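Coordinates as given in run-v7.cif (mmCIF, C-alpha atoms):
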data_coords
loop_
_atom_site.group_PDB
_atom_site.id
_atom_site.type_symbol
_atom_site.label_atom_id
_atom_site.label_comp_id
_atom_site.auth_asym_id
_atom_site.auth_seq_id
_atom_site.Cartn_x
_atom_site.Cartn_y
_atom_site.Cartn_z
ATOM 1 C CA MET G 105 0.000 0.000 0.000
ATOM 2 C CA LYS G 106 1.216 3.513 -0.829
ATOM 3 C CA ILE G 107 0.300 5.977 1.897
ATOM 4 C CA ALA G 108 0.566 9.760 1.694
ATOM 5 C CA LEU G 109 0.952 11.732 4.914
ATOM 6 C CA VAL G 110 0.053 15.394 4.403
ATOM 7 C CA TYR G 111 0.557 17.634 7.400
ATOM 8 C CA PHE G 112 0.978 21.083 8.878
ATOM 9 C CA SER G 113 2.931 21.561 12.096
ATOM 10 C CA GLY G 114 3.195 24.855 13.944
ATOM 11 C CA THR G 115 6.066 24.253 16.369
ATOM 12 C CA GLY G 116 6.963 20.629 15.611
ATOM 13 C CA ASN G 117 4.694 18.460 17.774
ATOM 14 C CA THR G 118 2.499 17.308 14.891
ATOM 15 C CA ARG G 119 5.570 16.735 12.713
ATOM 16 C CA LYS G 120 7.004 14.407 15.376
ATOM 17 C CA CYS G 121 3.781 12.392 15.501
ATOM 18 C CA VAL G 122 3.336 12.248 11.716
ATOM 19 C CA ARG G 123 6.928 11.102 11.209
ATOM 20 C CA ALA G 124 6.487 8.479 13.911
ATOM 21 C CA THR G 125 3.305 7.342 12.140
ATOM 22 C CA ALA G 126 5.206 7.052 8.857
ATOM 23 C CA LYS G 127 7.921 5.026 10.607
ATOM 24 C CA ALA G 128 5.309 2.701 12.167
ATOM 25 C CA LEU G 129 3.697 2.160 8.759
ATOM 26 C CA GLU G 130 7.078 1.480 7.175
ATOM 27 C CA ASP G 131 7.796 -1.055 9.919
ATOM 28 C CA GLU G 132 4.662 -2.808 8.661
ATOM 29 C CA ARG G 133 6.239 -2.816 5.174
ATOM 30 C CA GLN G 134 4.132 -0.027 3.722
ATOM 31 C CA GLU G 135 5.437 2.663 1.372
ATOM 32 C CA THR G 136 4.999 6.176 2.769
ATOM 33 C CA THR G 137 5.580 9.710 1.468
ATOM 34 C CA LEU G 138 5.429 12.831 3.633
ATOM 35 C CA PHE G 139 4.173 16.170 2.342
ATOM 36 C CA ASP G 140 4.629 19.313 4.425
ATOM 37 C CA LEU G 141 1.806 21.683 3.389
ATOM 38 C CA GLU G 142 3.928 24.638 4.321
ATOM 39 C CA LYS G 143 6.536 23.678 1.723
ATOM 40 C CA THR G 144 4.421 21.991 -0.952
ATOM 41 C CA SER G 145 1.748 24.025 -2.733
ATOM 42 C CA LYS G 146 0.511 21.308 -5.126
ATOM 43 C CA ILE G 147 0.292 17.668 -4.077
ATOM 44 C CA ASP G 148 -0.496 14.905 -6.557
ATOM 45 C CA LEU G 149 -2.191 12.084 -4.651
ATOM 46 C CA SER G 150 -3.276 10.054 -7.674
ATOM 47 C CA SER G 151 -0.775 7.238 -7.041
ATOM 48 C CA PHE G 152 -1.658 6.727 -3.354
ATOM 49 C CA ASP G 153 -4.008 4.170 -1.795
ATOM 50 C CA CYS G 154 -4.500 5.923 1.537
ATOM 51 C CA LEU G 155 -4.174 9.447 2.953
ATOM 52 C CA VAL G 156 -3.233 10.518 6.484
ATOM 53 C CA ILE G 157 -3.775 14.199 7.319
ATOM 54 C CA GLY G 158 -1.841 15.610 10.272
ATOM 55 C CA TYR G 159 -2.551 18.850 12.104
ATOM 56 C CA PRO G 160 -2.340 20.640 15.468
ATOM 57 C CA ILE G 161 -5.751 21.501 16.890
ATOM 58 C CA HIS G 162 -6.342 25.264 16.876
ATOM 59 C CA ALA G 163 -9.180 26.462 19.122
ATOM 60 C CA PHE G 164 -10.801 22.988 18.930
ATOM 61 C CA ASN G 165 -10.728 23.011 15.102
ATOM 62 C CA ALA G 166 -8.437 22.018 12.256
ATOM 63 C CA PRO G 167 -6.300 25.005 11.156
ATOM 64 C CA LYS G 168 -7.222 26.923 8.025
ATOM 65 C CA ILE G 169 -4.250 25.613 6.017
ATOM 66 C CA ILE G 170 -5.623 22.071 6.457
ATOM 67 C CA LEU G 171 -9.170 23.075 5.527
ATOM 68 C CA ASP G 172 -7.892 24.847 2.408
ATOM 69 C CA PHE G 173 -6.029 21.697 1.403
ATOM 70 C CA ALA G 174 -9.143 19.531 1.873
ATOM 71 C CA GLN G 175 -11.279 21.954 -0.084
ATOM 72 C CA GLY G 176 -8.996 21.780 -3.095
ATOM 73 C CA MET G 177 -8.101 18.099 -2.876
ATOM 74 C CA ALA G 178 -9.144 16.195 -5.984
ATOM 75 C CA SER G 179 -6.502 13.749 -7.218
ATOM 76 C CA LEU G 180 -6.865 11.021 -4.570
ATOM 77 C CA SER G 181 -8.853 7.945 -5.591
ATOM 78 C CA LYS G 182 -12.436 8.220 -4.312
ATOM 79 C CA ASN G 183 -12.142 4.762 -2.743
ATOM 80 C CA ALA G 184 -9.016 5.618 -0.779
ATOM 81 C CA PRO G 185 -9.536 5.869 3.001
ATOM 82 C CA VAL G 186 -8.583 9.075 4.814
ATOM 83 C CA TYR G 187 -7.320 9.221 8.399
ATOM 84 C CA VAL G 188 -6.350 12.074 10.700
ATOM 85 C CA VAL G 189 -3.427 12.367 13.120
ATOM 86 C CA LYS G 190 -3.903 15.381 15.390
ATOM 87 C CA THR G 191 -2.220 16.869 18.422
ATOM 88 C CA SER G 192 -3.271 19.167 21.239
ATOM 89 C CA GLY G 193 -2.123 20.199 24.697
ATOM 90 C CA GLU G 194 -5.167 18.891 26.534
ATOM 91 C CA GLY G 195 -7.662 16.050 26.329
ATOM 92 C CA LEU G 196 -10.894 18.048 26.469
ATOM 93 C CA ARG G 197 -13.823 16.381 24.704
ATOM 94 C CA LEU G 198 -14.212 19.220 22.195
ATOM 95 C CA ASN G 199 -10.893 18.161 20.670
ATOM 96 C CA ASP G 200 -12.554 14.876 19.708
ATOM 97 C CA TYR G 201 -14.725 16.786 17.240
ATOM 98 C CA SER G 202 -12.040 19.057 15.787
ATOM 99 C CA SER G 203 -12.305 17.457 12.323
ATOM 100 C CA ALA G 204 -16.030 18.208 11.944
ATOM 101 C CA ARG G 205 -15.475 20.892 9.301
ATOM 102 C CA LEU G 206 -12.690 18.888 7.654
ATOM 103 C CA LYS G 207 -14.997 15.892 7.393
ATOM 104 C CA ILE G 208 -17.634 17.988 5.616
ATOM 105 C CA LEU G 209 -15.113 19.306 3.083
ATOM 106 C CA LEU G 210 -13.762 15.820 2.414
ATOM 107 C CA LYS G 211 -17.275 14.464 1.936
ATOM 108 C CA ARG G 212 -18.084 17.227 -0.552
ATOM 109 C CA ASN G 213 -15.125 16.067 -2.641
ATOM 110 C CA GLY G 214 -16.200 12.434 -2.404
ATOM 111 C CA TYR G 215 -13.855 11.240 0.333
ATOM 112 C CA CYS G 216 -14.622 9.408 3.558
ATOM 113 C CA LEU G 217 -12.847 10.209 6.814
ATOM 114 C CA ARG G 218 -12.432 6.760 8.347
ATOM 115 C CA GLY G 219 -10.788 7.571 11.637
ATOM 116 C CA GLU G 220 -8.871 9.994 13.831
ATOM 117 C CA PHE G 221 -5.962 9.537 16.210
ATOM 118 C CA HIS G 222 -5.372 12.198 18.852
ATOM 119 C CA TYR G 223 -2.135 12.566 20.807
ATOM 120 C CA LEU G 224 -1.462 14.926 23.676
ATOM 121 C CA MET G 225 1.711 16.946 23.189
ATOM 122 C CA PRO G 226 3.015 19.892 25.233
ATOM 123 C CA TYR G 227 1.483 23.317 24.733
ATOM 124 C CA ASP G 228 3.240 25.888 22.563
ATOM 125 C CA MET G 229 0.587 28.364 23.646
ATOM 126 C CA VAL G 230 -1.695 28.689 26.727
ATOM 127 C CA PHE G 231 0.844 27.622 29.402
ATOM 128 C CA ARG G 232 4.160 25.806 29.549
ATOM 129 C CA HIS G 233 4.114 22.141 30.462
ATOM 130 C CA THR G 234 6.884 20.751 32.618
ATOM 131 C CA GLU G 235 9.597 18.649 31.003
ATOM 132 C CA ASP G 236 8.291 15.598 32.869
ATOM 133 C CA MET G 237 4.840 16.112 31.351
ATOM 134 C CA ALA G 238 6.288 16.710 27.879
ATOM 135 C CA PHE G 239 8.362 13.541 28.235
ATOM 136 C CA ARG G 240 5.354 11.482 29.349
ATOM 137 C CA MET G 241 3.199 12.825 26.517
ATOM 138 C CA TRP G 242 5.765 11.942 23.850
ATOM 139 C CA GLU G 243 6.595 8.545 25.326
ATOM 140 C CA THR G 244 2.882 7.730 25.427
ATOM 141 C CA ALA G 245 2.375 8.888 21.836
ATOM 142 C CA LYS G 246 5.303 6.739 20.659
ATOM 143 C CA LYS G 247 3.635 3.660 22.161
ATOM 144 C CA LEU G 248 0.167 4.487 20.805
ATOM 145 C CA ILE G 249 1.227 5.345 17.263
ATOM 146 C CA PRO G 250 2.202 1.781 16.187
ATOM 147 C CA LEU G 251 -1.173 0.533 17.481
ATOM 148 C CA ASP G 252 -2.979 3.196 15.485
ATOM 149 C CA ALA G 253 -0.876 2.487 12.393
ATOM 150 C CA ARG G 254 -2.149 -1.093 12.490
ATOM 151 C CA GLU G 255 -5.716 0.217 12.679
ATOM 152 C CA ILE G 256 -5.071 2.210 9.514
ATOM 153 C CA LEU G 257 -3.759 -0.879 7.728
ATOM 154 C CA GLN G 258 -6.753 -2.901 8.910
ATOM 155 C CA ASP G 259 -9.044 -0.206 7.472
ATOM 156 C CA GLY G 260 -10.416 0.401 10.927
ATOM 157 C CA GLU G 261 -13.060 2.984 11.662
ATOM 158 C CA ARG G 262 -12.830 5.414 14.537
ATOM 159 C CA GLU G 263 -14.763 8.637 14.655
ATOM 160 C CA TRP G 264 -16.611 10.877 17.065
ATOM 161 C CA LYS G 265 -19.963 12.328 16.124
ATOM 162 C CA PRO G 266 -20.400 15.819 17.588
ATOM 163 C CA THR G 267 -23.501 16.702 19.577
ATOM 164 C CA LEU G 268 -25.563 19.777 18.751
ATOM 165 C CA LEU G 269 -23.896 21.608 21.638
ATOM 166 C CA SER G 270 -20.395 20.720 20.471
ATOM 167 C CA LYS G 271 -21.265 21.747 16.904
ATOM 168 C CA GLY G 272 -22.312 25.138 18.170
ATOM 169 C CA LEU G 273 -19.176 25.554 20.253
ATOM 170 C CA LEU G 274 -16.925 24.472 17.372
ATOM 171 C CA SER G 275 -18.580 27.070 15.130
ATOM 172 C CA LEU G 276 -18.050 29.694 17.808
ATOM 173 C CA PHE G 277 -14.368 28.875 18.244
ATOM 174 C CA ARG G 278 -13.924 28.860 14.458
ATOM 175 C CA ILE G 279 -14.117 32.638 14.717
ATOM 176 C CA GLU G 280 -10.429 32.395 15.614
ATOM 177 C CA GLN G 281 -9.643 31.573 11.974
ATOM 178 C CA LYS G 282 -11.402 34.699 10.738
ATOM 179 C CA ALA G 283 -9.824 36.869 13.418
ATOM 180 C CA SER G 284 -6.334 35.382 13.248
ATOM 181 C CA GLY G 285 -5.075 37.918 10.710
ATOM 182 C CA LEU G 286 -6.270 40.850 12.789
ATOM 183 C CA ILE G 287 -4.821 39.359 15.981
ATOM 184 C CA GLY G 288 -1.536 38.535 14.267
ATOM 185 C CA LYS G 289 -1.262 42.133 13.111
ATOM 186 C CA THR G 290 -0.975 43.152 16.777
ATOM 187 C CA PHE G 291 2.156 41.037 17.378
ATOM 188 C CA TRP G 292 5.353 43.002 17.982
ATOM 189 C CA ALA G 293 9.008 42.554 18.905
ATOM 190 C CA ASP G 294 10.559 44.433 21.820
ATOM 191 C CA ASP G 295 14.093 45.801 22.238
ATOM 192 C CA LYS G 296 15.475 42.336 23.129
ATOM 193 C CA CYS G 297 15.163 41.485 19.427
ATOM 194 C CA ILE G 298 18.589 40.901 17.842
ATOM 195 C CA ARG G 299 17.309 40.920 14.237
ATOM 196 C CA CYS G 300 18.377 37.312 13.696
ATOM 197 C CA GLY G 301 15.545 36.882 11.180
ATOM 198 C CA LEU G 302 14.525 33.465 12.498
ATOM 199 C CA CYS G 303 10.859 34.457 12.799
ATOM 200 C CA VAL G 304 10.897 35.852 9.257
ATOM 201 C CA ARG G 305 12.400 32.686 7.779
ATOM 202 C CA ASN G 306 10.220 30.300 9.783
ATOM 203 C CA CYS G 307 6.792 31.898 9.430
ATOM 204 C CA PRO G 308 4.617 29.389 7.504
ATOM 205 C CA THR G 309 2.594 32.128 5.759
ATOM 206 C CA LYS G 310 5.450 34.639 5.208
ATOM 207 C CA ASN G 311 3.535 37.006 7.462
ATOM 208 C CA ILE G 312 6.643 38.546 9.055
ATOM 209 C CA THR G 313 9.059 40.964 7.423
ATOM 210 C CA MET G 314 12.137 42.803 8.670
ATOM 211 C CA ASP G 315 13.688 46.105 7.621
ATOM 212 C CA ASP G 316 15.823 48.826 9.152
ATOM 213 C CA SER G 317 12.937 49.952 11.343
ATOM 214 C CA GLY G 318 12.326 46.542 12.888
ATOM 215 C CA ILE G 319 10.129 43.432 12.672
ATOM 216 C CA HIS G 320 6.692 43.807 11.090
ATOM 217 C CA PHE G 321 3.647 41.530 11.267
ATOM 218 C CA SER G 322 0.931 41.506 8.600
ATOM 219 C CA THR G 323 -2.552 39.934 8.359
ATOM 220 C CA LYS G 324 -1.772 36.410 7.107
ATOM 221 C CA CYS G 325 -1.180 34.958 10.585
ATOM 222 C CA LEU G 326 -2.364 31.403 11.407
ATOM 223 C CA LEU G 327 -1.790 31.903 15.159
ATOM 224 C CA CYS G 328 0.574 28.926 15.168
ATOM 225 C CA SER G 329 2.789 30.896 17.625
ATOM 226 C CA ARG G 330 5.974 29.548 16.025
ATOM 227 C CA CYS G 331 7.545 33.006 15.977
ATOM 228 C CA ALA G 332 7.173 33.602 19.720
ATOM 229 C CA PHE G 333 7.833 29.984 20.689
ATOM 230 C CA SER G 334 11.106 29.823 18.732
ATOM 231 C CA CYS G 335 12.450 33.326 19.408
ATOM 232 C CA PRO G 336 15.910 32.872 21.005
ATOM 233 C CA LYS G 337 15.537 36.125 22.991
ATOM 234 C CA ASP G 338 11.835 35.802 23.929
ATOM 235 C CA ALA G 339 11.335 39.172 22.252
ATOM 236 C CA ILE G 340 8.007 38.637 20.475
ATOM 237 C CA HIS G 341 4.734 39.670 22.058
ATOM 238 C CA LEU G 342 1.453 38.099 20.898
ATOM 239 C CA GLY G 343 -0.779 41.127 21.247
ATOM 240 C CA ILE G 344 -3.996 40.324 23.129
ATOM 241 C CA LEU G 345 -2.865 36.676 23.380
ATOM 242 C CA ASN G 346 0.437 37.453 25.056
ATOM 243 C CA PHE G 347 -0.803 36.110 28.403
ATOM 244 C CA MET G 348 -0.798 32.645 26.756
ATOM 245 C CA LYS G 349 2.696 32.901 25.260
ATOM 246 C CA VAL G 350 5.101 29.968 25.633
ATOM 247 C CA ASN G 351 8.747 30.435 24.692
ATOM 248 C CA GLY G 352 11.499 27.908 24.103
ATOM 249 C CA PRO G 353 11.564 24.294 22.853
ATOM 250 C CA TYR G 354 10.871 21.288 25.057
ATOM 251 C CA ARG G 355 13.654 18.745 25.531
ATOM 252 C CA PHE G 356 11.220 15.842 25.992
ATOM 253 C CA GLU G 357 13.397 14.517 28.807
ATOM 254 C CA GLU G 358 12.565 13.546 32.352
ATOM 255 C CA ALA G 359 13.626 16.437 34.533
ATOM 256 C CA GLY G 360 12.255 15.687 37.987
ATOM 257 C CA ASP G 361 9.958 18.689 37.859
ATOM 258 C CA GLY G 362 6.706 16.738 38.154
ATOM 259 C CA MET G 363 3.700 16.425 35.889
ATOM 260 C CA GLY G 364 2.640 20.017 36.477
ATOM 261 C CA LYS G 365 -1.057 19.291 35.901
ATOM 262 C CA LYS G 366 -3.090 22.428 35.642
ATOM 263 C CA GLY G 367 -6.327 22.996 37.578
ATOM 264 C CA ILE G 368 -9.456 21.920 35.724
ATOM 265 C CA LEU G 369 -7.392 20.093 33.079
ATOM 266 C CA LYS G 370 -6.049 17.560 35.574
ATOM 267 C CA LYS G 371 -9.024 15.254 35.055
ATOM 268 C CA SER G 372 -8.603 15.307 31.259
ATOM 269 C CA TYR G 373 -4.896 14.433 31.525
ATOM 270 C CA ASP G 374 -5.601 11.599 33.950
ATOM 271 C CA ALA G 375 -8.304 10.190 31.658
ATOM 272 C CA TYR G 376 -6.039 10.365 28.590
ATOM 273 C CA PHE G 377 -3.085 8.625 30.235
ATOM 274 C CA ARG G 378 -5.314 6.012 31.894
ATOM 275 C CA SER G 379 -6.982 5.145 28.568
ATOM 276 C CA ALA G 380 -3.631 5.076 26.766
ATOM 277 C CA GLU G 381 -2.023 2.834 29.360
ATOM 278 C CA GLU G 382 -4.950 0.409 29.148
ATOM 279 C CA ARG G 383 -4.592 0.179 25.356
ATOM 280 C CA ILE G 384 -0.826 -0.244 25.536
ATOM 281 C CA GLN G 385 -1.043 -2.901 28.240
ATOM 282 C CA LYS G 386 -3.726 -4.815 26.332
ATOM 283 C CA ALA G 387 -1.604 -4.767 23.175
ATOM 284 C CA GLU G 388 1.438 -5.997 25.087
ATOM 285 C CA GLU G 389 -0.556 -8.858 26.608
ATOM 286 C CA GLU G 390 -1.896 -9.858 23.197
ATOM 287 C CA ALA G 391 1.614 -9.789 21.747
ATOM 288 C CA LYS G 392 2.843 -12.110 24.519
ATOM 289 C CA LYS G 393 0.036 -14.575 23.819
ATOM 290 C CA GLU G 394 0.876 -14.614 20.112
ATOM 291 C CA SER G 395 4.537 -15.276 20.845
ATOM 292 C CA ILE G 396 3.802 -18.333 23.011
#
Since I need it in another form, could you write the structure as C-alpha cells?
Amino acid sequence: MKIALVYFSGTGNTRKCVRATAKALEDERQETTLFDLEKTSKIDLSSFDCLVIGYPIHAFNAPKIILDFAQGMASLSKNAPVYVVKTSGEGLRLNDYSSARLKILLKRNGYCLRGEFHYLMPYDMVFRHTEDMAFRMWETAKKLIPLDAREILQDGEREWKPTLLSKGLLSLFRIEQKASGLIGKTFWADDKCIRCGLCVRNCPTKNITMDDSGIHFSTKCLLCSRCAFSCPKDAIHLGILNFMKVNGPYRFEEAGDGMGKKGILKKSYDAYFRSAEERIQKAEEEAKKESI
C-alpha cells in the first residue's frame, strides 16, 4: 500500500507524531511519502491508496491551512480511506470533534474520513508544560502510534460524532480563523530582538518581514505561535494573546519537575493517560500470547 501523509505543524509536535506514524507504517512494510503543506503548494495524490492528514488543533478546530487543502483536494482515488493524526495540549472532549469541518469538506469532494488519532503533546501556547509532562506525553504517543498504524492498515473505523452543543461551540471557536489575521497584526518585537531573522524565515505564511525599522507583522497569521515559541531572545509579544505565550523548545526529557497538571485540566490528563495505558497494556498482553 502507498500511503501519503500530508501535514501542517506549527512548532513541531504534529511533525514528530506524523513522522512516527510514517515510521510505524514502514515497519509494517508499507510505502509512505510525507508532504509538508507549508513547503508543498501542489500535491499529486493520484498514485496513493491511503491518505493521512496531520494537524495541530487550533481552538478545537483544524487550522485553516488544512481546511484549504481539503477543499482543493481532488486527485486522490475516491475509494481511498482518509485518516487524521492530530495533536493538542489537553484532552478536552471538544478536541474529539475538531475534524467536523474537515470531514464535511472531504465528503463534498467524495472522500470518507475513516478515523482519527489524537495525541497529547506539550502546549506551545496557553501555558508551559513541565519537562516531565512533555516527556510522558511523547513517550505515550510513541507507544500508541504503532497501534494506530495497524488500525489504519486494517481499514479500521474510529470517529466521534459531535452533539448539537459541540457543533455550536466548534462554530463559535472557528471565529479564531477569521480573526487570526487581525490578531496577528498586533504582534510586535521588543528591544530584546537581535534581528536574527529566524521568525521571518520560519513563518509558515510569510507574514513577518524585517527592515531597518524593525520586525513587522501583517494579516496572514495562522496563530501557530511559532515566531514567539522559537524566538531565542523571547522578544516577540502576541498582542492580546500574550498572556498565553510559551517560549522555548521542550527537551522531551525527564527532569524531575513533576507532571505540572493544571487545575481543571487535571481530570482530562488523567483520563487520557489512563486510557492510553490500558490500550498499551492490552496490546502488550496480546503480543505475549501470540509469541507463546
Using all atoms listed in the file, can you list as a VMD selection string the residues within 8 Å of (3.0, 0.7, -2.4)? chain G and resid 105 to 107 134 to 136 152 to 153
If the PyMOL selection byres ((chain G and resi 351-361) around 6) is run on the structure shown, which residues does it catch, given as a ChimeraX atom specification? /G:235-236,238-239,333-334,350,362
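Residues in contact with G:Tyr223 at 7 Å, where all atoms listed in the file are counted and same-chain residues fewer than 4 positions away are skipped, are listed as Lys190, Thr191, Ser192 and Ala245 of chain G.
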Applying 8 Å and all atoms listed in the file, which residues near G:Arg262 remain after dropping the ones on its own chain fewer than 2 positions away? List them as a ChimeraX atom specification. /G:218-220,260,264
Please evaluate the PyMOL selection byres ((chain G and resi 292-308) around 6) against the structure above and give the resulting residues as a list in words. Glu142, Phe291, Thr309, Lys310, Ile312, Thr313, Cys331, Ala339, Ile340 and His341 of chain G
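Distance cut-off 12 Å, centre (-2.3, 39.3, 25.5), atoms counted only C-alpha atoms; the residues meeting this are Met229, Val230, Ile287, Gly288, Thr290, Phe291, Trp292, Ile340, His341, Leu342, Gly343, Ile344, Leu345, Asn346, Phe347, Met348, Lys349 and Val350 of chain G.
Residues matched by the PyMOL selection byres ((chain G and resi 202) around 9) in this file are G:Ile161, G:His162, G:Ala163, G:Phe164, G:Asn165, G:Ala166, G:Lys190, G:Leu198, G:Asn199, G:Asp200, G:Tyr201, G:Ser203, G:Ala204, G:Arg205, G:Leu206, G:Leu274.
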Just-selected residues, C-alpha atoms written as a PDB file, in the frame of the given file:
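This is the output file out.pdb:
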ATOM      1  CA  ILE G 161      -5.751  21.501  16.890  1.00  0.00           C
ATOM      2  CA  HIS G 162      -6.342  25.264  16.876  1.00  0.00           C
ATOM      3  CA  ALA G 163      -9.180  26.462  19.122  1.00  0.00           C
ATOM      4  CA  PHE G 164     -10.801  22.988  18.930  1.00  0.00           C
ATOM      5  CA  ASN G 165     -10.728  23.011  15.102  1.00  0.00           C
ATOM      6  CA  ALA G 166      -8.437  22.018  12.256  1.00  0.00           C
ATOM      7  CA  LYS G 190      -3.903  15.381  15.390  1.00  0.00           C
ATOM      8  CA  LEU G 198     -14.212  19.220  22.195  1.00  0.00           C
ATOM      9  CA  ASN G 199     -10.893  18.161  20.670  1.00  0.00           C
ATOM     10  CA  ASP G 200     -12.554  14.876  19.708  1.00  0.00           C
ATOM     11  CA  TYR G 201     -14.725  16.786  17.240  1.00  0.00           C
ATOM     12  CA  SER G 203     -12.305  17.457  12.323  1.00  0.00           C
ATOM     13  CA  ALA G 204     -16.030  18.208  11.944  1.00  0.00           C
ATOM     14  CA  ARG G 205     -15.475  20.892   9.301  1.00  0.00           C
ATOM     15  CA  LEU G 206     -12.690  18.888   7.654  1.00  0.00           C
ATOM     16  CA  LEU G 274     -16.925  24.472  17.372  1.00  0.00           C
TER      17      LEU G 274
END
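Straight-line separation from atom CA of G:Tyr187 to atom CA of G:Ala174: 12.3 Å.
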Please report as JSON lines every residue of stretch 166-189 of chain G lying within 12 Å of stretch 114-125 of chain G, along with the nearest atom pair and their distance in Å (one decimal), using all atoms listed in the file.
{"residue": "G:Pro167", "atom": "CA", "partner": "G:Gly114", "partner_atom": "CA", "distance": 9.9}
{"residue": "G:Ile169", "atom": "CA", "partner": "G:Gly114", "partner_atom": "CA", "distance": 10.9}
{"residue": "G:Ile170", "atom": "CA", "partner": "G:Gly114", "partner_atom": "CA", "distance": 11.9}
{"residue": "G:Tyr187", "atom": "CA", "partner": "G:Thr125", "partner_atom": "CA", "distance": 11.4}
{"residue": "G:Val188", "atom": "CA", "partner": "G:Val122", "partner_atom": "CA", "distance": 9.7}
{"residue": "G:Val189", "atom": "CA", "partner": "G:Val122", "partner_atom": "CA", "distance": 6.9}
Could the residues in this selection be saved with C-alpha atoms as a compact mmCIF listing (two decimals), in the frame of the given file?
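What follows is the written file out_21.txt:
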# COMPACT_ATOMS: atom_id res chain seq x y z
CA PRO G 167 -6.30 25.00 11.16
CA ILE G 169 -4.25 25.61 6.02
CA ILE G 170 -5.62 22.07 6.46
CA TYR G 187 -7.32 9.22 8.40
CA VAL G 188 -6.35 12.07 10.70
CA VAL G 189 -3.43 12.37 13.12
Near G:Gly364, counting only C-alpha atoms, which residues have an atom at most 7 Å away, once you skip same-chain residues fewer than 2 positions from it, shown as a ChimeraX atom specification? /G:233-234,237,362,366
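Restricting the calculation to only C-alpha atoms, the smallest distance between G:Leu109 and any of G:Leu155, G:Ala375, G:Ile147, G:Leu129 is found for G:Leu155.
Of the listed residues (G:Lys168, G:Gly367, G:Cys216, G:Gly195), G:Cys216 comes nearest to G:Leu180; the distances count all atoms listed in the file.
Taking only C-alpha atoms, the non-local environment of G:Cys325 within 8 Å (same-chain residues fewer than 2 positions away omitted) comprises Ser284, Gly285, Ile287, Gly288, Lys289, Thr309, Asn311, Ser322, Thr323, Leu327 and Cys328 of chain G.
Restricting the calculation to all atoms listed in the file, the smallest distance between G:Glu263 and any of G:Lys211, G:Lys282, G:His222, G:Lys143 is found for G:His222.
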Between G:Ile249, G:Leu141, G:Ala387, G:Leu224, smallest distance to G:Ala126 by only C-alpha atoms belongs to G:Ile249
What does the distance from atom CA of G:Phe277 to atom CA of G:Phe321 come to in Å, to one decimal? 23.1 Å
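Proximity ranking of G:Ala283, G:Ala253, G:Ser372, G:Ala380 relative to G:Lys127 places G:Ala253 first, based on only C-alpha atoms.
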